[in-house]
$ cat my_file.csv   # CSV, C-alpha atoms
chain,number,residue,atom,x,y,z
A,197,LEU,CA,-11.2,-21.0,-19.3
A,198,ALA,CA,-13.2,-18.0,-18.1
A,199,ALA,CA,-15.6,-20.3,-16.2
A,200,SER,CA,-12.9,-22.0,-14.3
A,201,LEU,CA,-10.6,-19.0,-13.9
A,202,PRO,CA,-12.4,-15.8,-13.1
A,203,LEU,CA,-10.4,-12.8,-14.2
A,204,ALA,CA,-10.6,-9.5,-12.4
A,205,ALA,CA,-11.8,-6.5,-14.3
A,206,ASP,CA,-9.9,-3.8,-12.4
A,207,LEU,CA,-6.3,-3.2,-11.4
A,208,ALA,CA,-7.0,-3.2,-7.7
A,209,ALA,CA,-8.5,-6.7,-7.8
A,210,VAL,CA,-5.6,-7.9,-9.9
A,211,ALA,CA,-3.0,-6.4,-7.6
A,212,ALA,CA,-4.8,-7.8,-4.5
A,213,GLU,CA,-4.9,-11.3,-6.1
A,214,ALA,CA,-1.2,-11.0,-7.1
A,215,ALA,CA,-0.3,-10.0,-3.5
A,216,ARG,CA,-2.3,-12.9,-2.0
A,217,ASP,CA,-1.3,-15.7,-4.4
A,218,GLY,CA,2.0,-14.5,-5.7
A,219,CYS,CA,3.7,-12.5,-2.9
A,220,ILE,CA,2.3,-14.5,0.0
A,221,GLY,CA,1.3,-17.9,-1.4
A,222,GLU,CA,4.2,-18.5,-3.8
A,223,THR,CA,6.8,-17.1,-1.3
A,224,VAL,CA,5.5,-19.4,1.4
A,225,ALA,CA,5.5,-22.4,-1.1
A,226,ALA,CA,9.1,-21.7,-2.1
A,227,LEU,CA,10.3,-21.5,1.5
A,228,LEU,CA,8.4,-24.6,2.5
A,229,ALA,CA,9.9,-26.6,-0.4
A,230,ARG,CA,13.4,-25.4,0.7
A,231,GLU,CA,12.7,-26.3,4.3
A,232,ALA,CA,11.5,-29.8,3.2
A,233,ALA,CA,14.6,-30.2,1.1
A,234,GLU,CA,16.9,-29.3,4.0
A,235,ARG,CA,15.2,-32.0,6.2
A,236,CYS,CA,15.1,-34.7,3.5
A,237,ASP,CA,17.7,-37.5,3.5
A,238,ASP,CA,17.1,-38.8,0.0
A,239,PRO,CA,19.3,-37.0,-2.5
A,240,ALA,CA,16.8,-37.6,-5.4
A,241,ILE,CA,13.9,-36.2,-3.5
A,242,ARG,CA,16.0,-33.3,-2.2
A,243,ALA,CA,16.9,-32.4,-5.8
A,244,VAL,CA,13.2,-32.5,-6.9
A,245,LEU,CA,12.2,-30.3,-3.9
A,246,LEU,CA,15.0,-27.8,-4.7
A,247,GLY,CA,13.7,-27.7,-8.3
A,248,ILE,CA,10.1,-27.0,-7.0
A,249,ALA,CA,11.5,-24.3,-4.7
A,250,GLU,CA,13.2,-22.6,-7.6
A,251,ASP,CA,10.0,-22.8,-9.7
A,252,GLU,CA,7.9,-21.4,-6.8
A,253,GLU,CA,10.5,-18.6,-6.3
A,254,ARG,CA,10.0,-17.6,-10.0
A,255,HIS,CA,6.3,-17.4,-9.4
A,256,ALA,CA,6.8,-15.4,-6.2
A,257,ILE,CA,9.1,-12.9,-8.1
A,258,LEU,CA,6.4,-12.5,-10.7
A,259,GLY,CA,3.9,-11.8,-8.0
A,260,TRP,CA,6.1,-9.2,-6.3
A,261,ARG,CA,6.9,-7.6,-9.7
A,262,THR,CA,3.2,-7.5,-10.6
A,263,VAL,CA,2.3,-5.8,-7.4
A,264,ALA,CA,5.1,-3.3,-7.7
A,265,TRP,CA,4.0,-2.5,-11.2
A,266,ALA,CA,0.3,-2.1,-10.2
A,267,LEU,CA,1.4,0.2,-7.3
A,268,ARG,CA,3.4,2.2,-9.7
A,269,VAL,CA,0.7,2.7,-12.3
A,270,GLY,CA,-2.4,2.4,-10.1
A,271,ASP,CA,-4.3,4.8,-7.9
A,272,ALA,CA,-5.1,4.9,-4.2
A,273,ASP,CA,-7.6,2.0,-4.6
A,274,VAL,CA,-4.8,-0.3,-5.9
A,275,ARG,CA,-2.6,0.7,-3.0
A,276,ASP,CA,-5.4,0.2,-0.4
A,277,ALA,CA,-6.3,-3.2,-1.9
A,278,VAL,CA,-2.7,-4.4,-1.7
A,279,ALA,CA,-2.1,-3.0,1.8
A,280,ALA,CA,-5.3,-4.7,3.0
A,281,VAL,CA,-4.1,-8.1,1.8
A,282,PHE,CA,-0.8,-7.8,3.6
A,283,ALA,CA,-2.5,-6.4,6.7
A,284,ALA,CA,-4.9,-9.3,6.8
A,285,ALA,CA,-2.0,-11.8,6.5
A,286,ALA,CA,-0.2,-10.0,9.3
A,287,THR,CA,-3.4,-10.4,11.5
A,288,ASP,CA,-4.6,-13.8,10.4
A,289,GLY,CA,-1.4,-15.6,9.4
A,290,VAL,CA,-0.9,-17.8,6.4
A,291,GLU,CA,-3.0,-20.9,5.7
A,292,VAL,CA,-0.8,-23.9,5.0
A,293,PRO,CA,-2.5,-26.6,3.0
A,294,LEU,CA,-1.6,-30.0,4.4
A,295,VAL,CA,-2.7,-33.3,3.1
A,296,GLY,CA,-3.1,-36.7,4.8
A,297,GLU,CA,-3.2,-37.5,8.5
A,298,LEU,CA,0.4,-38.8,9.0
A,299,ASP,CA,2.4,-36.5,11.3
A,300,ASP,CA,5.5,-38.6,11.9
A,301,THR,CA,8.2,-36.0,11.5
A,302,ASP,CA,10.9,-38.6,10.5
A,303,ALA,CA,8.8,-40.6,8.1
A,304,LEU,CA,7.6,-37.4,6.4
A,305,ALA,CA,11.1,-36.0,6.2
A,306,ARG,CA,12.3,-39.1,4.4
A,307,ALA,CA,9.6,-38.5,1.8
A,308,GLY,CA,10.5,-34.8,1.5
A,309,LEU,CA,7.5,-33.6,3.4
A,310,LEU,CA,7.1,-31.4,6.5
A,311,ASP,CA,4.9,-32.3,9.4
A,312,ARG,CA,2.0,-30.0,10.3
A,313,LYS,CA,3.8,-28.2,13.1
A,314,GLY,CA,7.0,-27.7,11.0
A,315,ALA,CA,5.0,-26.4,8.0
A,316,ARG,CA,3.1,-24.0,10.2
A,317,VAL,CA,6.2,-22.7,11.9
A,318,ALA,CA,8.1,-22.3,8.6
A,319,ALA,CA,5.1,-20.5,7.1
A,320,ALA,CA,4.9,-18.1,10.1
A,321,ALA,CA,8.6,-17.4,9.9
A,322,ALA,CA,8.4,-16.7,6.2
A,323,LEU,CA,5.5,-14.3,6.8
A,324,ARG,CA,7.3,-12.5,9.7
A,325,SER,CA,10.8,-12.4,8.3
A,326,VAL,CA,10.3,-12.1,4.5
A,327,ILE,CA,6.8,-11.3,3.3
A,328,LEU,CA,5.7,-8.6,5.8
A,329,PRO,CA,9.0,-6.6,5.7
A,330,ALA,CA,9.1,-6.8,1.9
A,331,ALA,CA,5.5,-5.6,1.7
A,332,ALA,CA,6.1,-2.8,4.1
A,333,ALA,CA,9.1,-1.7,2.1
A,334,LEU,CA,7.2,-2.0,-1.2
A,335,LEU,CA,4.3,0.0,0.1
A,336,ALA,CA,6.5,2.7,1.8
A,337,ALA,CA,8.3,3.3,-1.5
A,338,ARG,CA,5.1,3.9,-3.5
A,339,ARG,CA,2.6,6.3,-2.0
A,340,PRO,CA,1.5,8.1,1.2
A,341,SER,CA,0.3,6.0,4.2
A,342,THR,CA,-3.3,4.6,4.4
A,343,THR,CA,-5.1,2.9,7.3
A,344,ALA,CA,-4.2,-0.5,6.0
A,345,ASP,CA,-0.5,0.5,5.8
A,346,ARG,CA,-0.5,1.6,9.4
A,347,ASP,CA,-2.0,-1.7,10.4
A,348,LEU,CA,0.7,-3.6,8.5
A,349,HIS,CA,3.5,-1.4,9.9
A,350,ALA,CA,2.2,-1.9,13.4
A,351,THR,CA,2.5,-5.7,13.0
A,352,THR,CA,6.0,-5.6,11.5
A,353,ALA,CA,7.5,-3.1,13.9
$ encode --input "my_file.csv" --output "structure tokens"
Amino acid sequence: LAASLPLAADLAAVAAEAARDGCIGETVAALLAREAAERCDDPAIRAVLLGIAEDEERHAILGWRTVAWALRVGDADVRDAVAAVFAAAATDGVEVPLVGELDDTDALARAGLLDRKGARVAAAAALRSVILPAAAALLAARRPSTTADRDLHATTA
């Protein structure tokens, strides 16, 4: 397992990875699954998508709780690492992994999938309206401001 899953040796790296994969990645995945479910006409596929969304939401909650814990018990390095992850997302956006070449909105919706533009728009909205405000609140509740915090707050204001 160690060869295929590198484990961080310090809390700052663990917290940064939890912020990147859990807070950002899983939150976006949950919201994309919900968006796809809303657009899907097939009740069976919609039910599966809602189940996936709930599972991704649990993963996201674990990520947010892990980061909150790390900020609570960690030092300034932990805080700076987490703030840098969110500041980078605010600047660079969120990468949305898309498969295949088909971009027919109606055909994809019937299959419970989002087209490229819809997925990118939904991910950007999740970042702007959910992730960055939650990150700013989490960081504000923990410790004094750092440069990365100021960068994050400037993009969410």
$ closest_residue --input "my_file.csv" --among "A:Leu309, A:Ile257, A:Ala205, A:Leu323" --to "Leu245 (chain A)" --atoms "only C-alpha atoms"
A:Leu309
$ closest_residue --input "my_file.csv" --among "A:Glu231, A:Asp217, A:Asp302, A:Asp206" --to "Ala285 (chain A)" --atoms "all atoms listed in the file"
A:Asp217
$ atom_distance --input "my_file.csv" --atom1 "CA of Ala212 (chain A)" --atom2 "CA of Val263 (chain A)"
7.9 Å
$ atom_distance --input "my_file.csv" --atom1 "CA of Leu310 (chain A)" --atom2 "CA of Ala256 (chain A)"
20.4 Å
$ residues_around --input "my_file.csv" --residues "Ala209 (chain A)" --least-positions-apart "6" --cutoff "9 Å" --atoms "all atoms listed in the file" --output "list in words"
Val274, Ala277 and Val278 of chain A
$ decode --input "my_file.csv" --residues "region 271-287 of chain A" --atoms "N, CA and C atoms" --output "CSV table (one decimal), in the first residue's frame"
chain,number,residue,atom,x,y,z
A,271,ASP,N,0.2,23.9,14.2
A,271,ASP,CA,0.9,25.2,14.4
A,271,ASP,C,0.6,26.1,13.2
A,272,ALA,N,1.4,27.2,13.1
A,272,ALA,CA,1.3,28.1,12.0
A,272,ALA,C,1.6,27.4,10.6
A,273,ASP,N,2.5,26.4,10.6
A,273,ASP,CA,2.8,25.7,9.3
A,273,ASP,C,1.6,25.0,8.8
A,274,VAL,N,0.8,24.5,9.7
A,274,VAL,CA,-0.5,23.8,9.2
A,274,VAL,C,-1.4,24.8,8.7
A,275,ARG,N,-1.6,25.9,9.4
A,275,ARG,CA,-2.5,26.9,8.9
A,275,ARG,C,-2.1,27.5,7.6
A,276,ASP,N,-0.8,27.8,7.4
A,276,ASP,CA,-0.3,28.3,6.2
A,276,ASP,C,-0.5,27.3,5.0
A,277,ALA,N,-0.2,26.0,5.3
A,277,ALA,CA,-0.4,25.0,4.2
A,277,ALA,C,-1.8,25.0,3.8
A,278,VAL,N,-2.8,25.0,4.7
A,278,VAL,CA,-4.2,24.9,4.4
A,278,VAL,C,-4.6,26.2,3.6
A,279,ALA,N,-4.2,27.3,4.2
A,279,ALA,CA,-4.6,28.6,3.5
A,279,ALA,C,-4.0,28.7,2.1
A,280,ALA,N,-2.8,28.1,1.9
A,280,ALA,CA,-2.2,28.2,0.5
A,280,ALA,C,-3.0,27.3,-0.4
A,281,VAL,N,-3.5,26.2,0.0
A,281,VAL,CA,-4.4,25.3,-0.8
A,281,VAL,C,-5.6,26.1,-1.3
A,282,PHE,N,-6.3,26.7,-0.4
A,282,PHE,CA,-7.5,27.4,-0.7
A,282,PHE,C,-7.2,28.7,-1.6
A,283,ALA,N,-6.1,29.3,-1.3
A,283,ALA,CA,-5.7,30.5,-2.1
A,283,ALA,C,-5.4,30.1,-3.5
A,284,ALA,N,-4.7,29.0,-3.7
A,284,ALA,CA,-4.4,28.5,-5.0
A,284,ALA,C,-5.7,28.1,-5.8
A,285,ALA,N,-6.6,27.5,-5.1
A,285,ALA,CA,-7.9,27.2,-5.7
A,285,ALA,C,-8.7,28.4,-6.1
A,286,ALA,N,-8.6,29.5,-5.3
A,286,ALA,CA,-9.3,30.7,-5.6
A,286,ALA,C,-8.7,31.4,-6.8
A,287,THR,N,-7.4,31.2,-7.0
A,287,THR,CA,-6.7,31.8,-8.2
A,287,THR,C,-6.8,30.9,-9.4
